[in-house]
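A quick write-up on the structure given underneath.
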Amino acid sequence: MGLKANSSLHMIGRAQVKNIERRMKNLTALRERYLRDALPVRLGGLAANLARVKSFSTHPDHRSVIESLLNESEFFIEWTALDADPSVQVELVDLQLRLARWQQGIEEIWADPAQRMTLAEEAGIWSNRVLEMSGLLR
């Protein structure tokens with residue numbers, strides 16, 4: 001039994017490694033695709049992600065979608081900030097901190113419909129701010 005259990009753990013480890021490798025390849029492809037766009041379009045994509053957070057936060061079964069959108073949004077900020085003007089960089093750092101707080105508190109946020117609605121409202125506000133920063137509305 002010890003050998004079998006040890007073998008199962010080894011298989012789980014391999015599966016996890018394969019999953020991480022697959023996610024990294026997908027992330028690399030996403031980064032390459034994302035960076036092809038001009039800065040305003042990238043900011044628009046970030047704003048769209050935040051609008052999706054607002055929309056999906058209204059349903060309690062969408063937690064995993066929200067977590068994915070928050071993670072992806074963090075990458076979008078990381079990949080965008082260096083190309084942005086200093087004033088936009090400051091805003092993106094503030095947003096990055098907000099995303100981190102949402103991620104750290106997701107258990108509590110998701111358990112409370114009022115906190116989920118607050119997250120939705122804040123994500124909507126940030127979406128509008130980032131869209132405005134993009135200049136796409138001008």
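In the structure tokens, chains take the letters A, B, ... in the order shown, each chain's residues start at 1, and ligands count up from 1 in the order shown.
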
Would you pick out the contacts of segment 90-104 of chain A at 9 Å or less, using only C-alpha atoms, so that residues sharing its chain but fewer than 2 positions from it are not included, and give the list as a PyMOL selection string? chain A and resi 67+70-71+73-74+77-78+80-81+85-88+106-107+109+119+126+129-130

With C-alpha atoms retained, export the selected residues as a PDB file, in the first residue's frame.
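Result saved to result-v9.pdb:
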ATOM      1  CA  GLU A  67     -10.852  34.803  -9.688  1.00  0.00           C
ATOM      2  CA  LEU A  70      -8.751  39.198 -11.363  1.00  0.00           C
ATOM      3  CA  ASN A  71      -5.621  37.142 -12.087  1.00  0.00           C
ATOM      4  CA  SER A  73      -6.208  41.678 -14.963  1.00  0.00           C
ATOM      5  CA  GLU A  74      -3.113  41.657 -12.769  1.00  0.00           C
ATOM      6  CA  ILE A  77      -1.455  45.657 -15.626  1.00  0.00           C
ATOM      7  CA  GLU A  78       2.018  44.153 -15.322  1.00  0.00           C
ATOM      8  CA  THR A  80       0.997  47.474 -19.657  1.00  0.00           C
ATOM      9  CA  ALA A  81       2.333  49.698 -16.893  1.00  0.00           C
ATOM     10  CA  ASP A  85       2.624  57.632 -18.826  1.00  0.00           C
ATOM     11  CA  PRO A  86       3.632  58.114 -15.172  1.00  0.00           C
ATOM     12  CA  SER A  87       0.161  59.380 -14.205  1.00  0.00           C
ATOM     13  CA  VAL A  88      -1.418  56.232 -15.669  1.00  0.00           C
ATOM     14  CA  ILE A 106     -12.373  36.568  -1.939  1.00  0.00           C
ATOM     15  CA  GLU A 107     -13.605  33.950   0.566  1.00  0.00           C
ATOM     16  CA  ILE A 109     -16.383  38.705  -0.147  1.00  0.00           C
ATOM     17  CA  LEU A 119     -16.851  44.465  -5.387  1.00  0.00           C
ATOM     18  CA  TRP A 126     -12.382  51.077 -12.074  1.00  0.00           C
ATOM     19  CA  ARG A 129     -11.554  54.964 -14.963  1.00  0.00           C
ATOM     20  CA  VAL A 130      -9.311  52.677 -17.016  1.00  0.00           C
TER      21      VAL A 130
END

Produce a table with one row for each residue of segment 71-109 of chain A that has an atom at most 12 Å from any atom of segment 24-28 of chain A, each row naming the nearest atom pair and its distance in Å at one decimal; use only C-alpha atoms; arrange rows by chain and rising residue number; format as a Markdown table.
| residue | atom | partner | partner_atom | distance |
| --- | --- | --- | --- | --- |
| A:Asn71 | CA | A:Leu27 | CA | 10.9 |
| A:Glu72 | CA | A:Leu27 | CA | 9.0 |
| A:Phe75 | CA | A:Leu27 | CA | 9.0 |
| A:Phe76 | CA | A:Leu27 | CA | 10.8 |
| A:Trp79 | CA | A:Thr28 | CA | 11.3 |

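Atom CA of Asn49 of chain A is found 9.9 Å from atom CA of Gly124 of chain A.
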
Suppose you want the space between atom CA of Val53 of chain A and atom CA of Arg36 of chain A; what is it in Å? 23.8 Å

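The residue that comes closest to Asp61 of chain A, out of A:Asn128, A:Leu137, A:Pro113, A:Arg42 and on the basis of only C-alpha atoms, is A:Pro113.
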
Interatomic distance, atom CA of Ala51 of chain A to atom CA of Ala29 of chain A (Å, one decimal): 22.9 Å
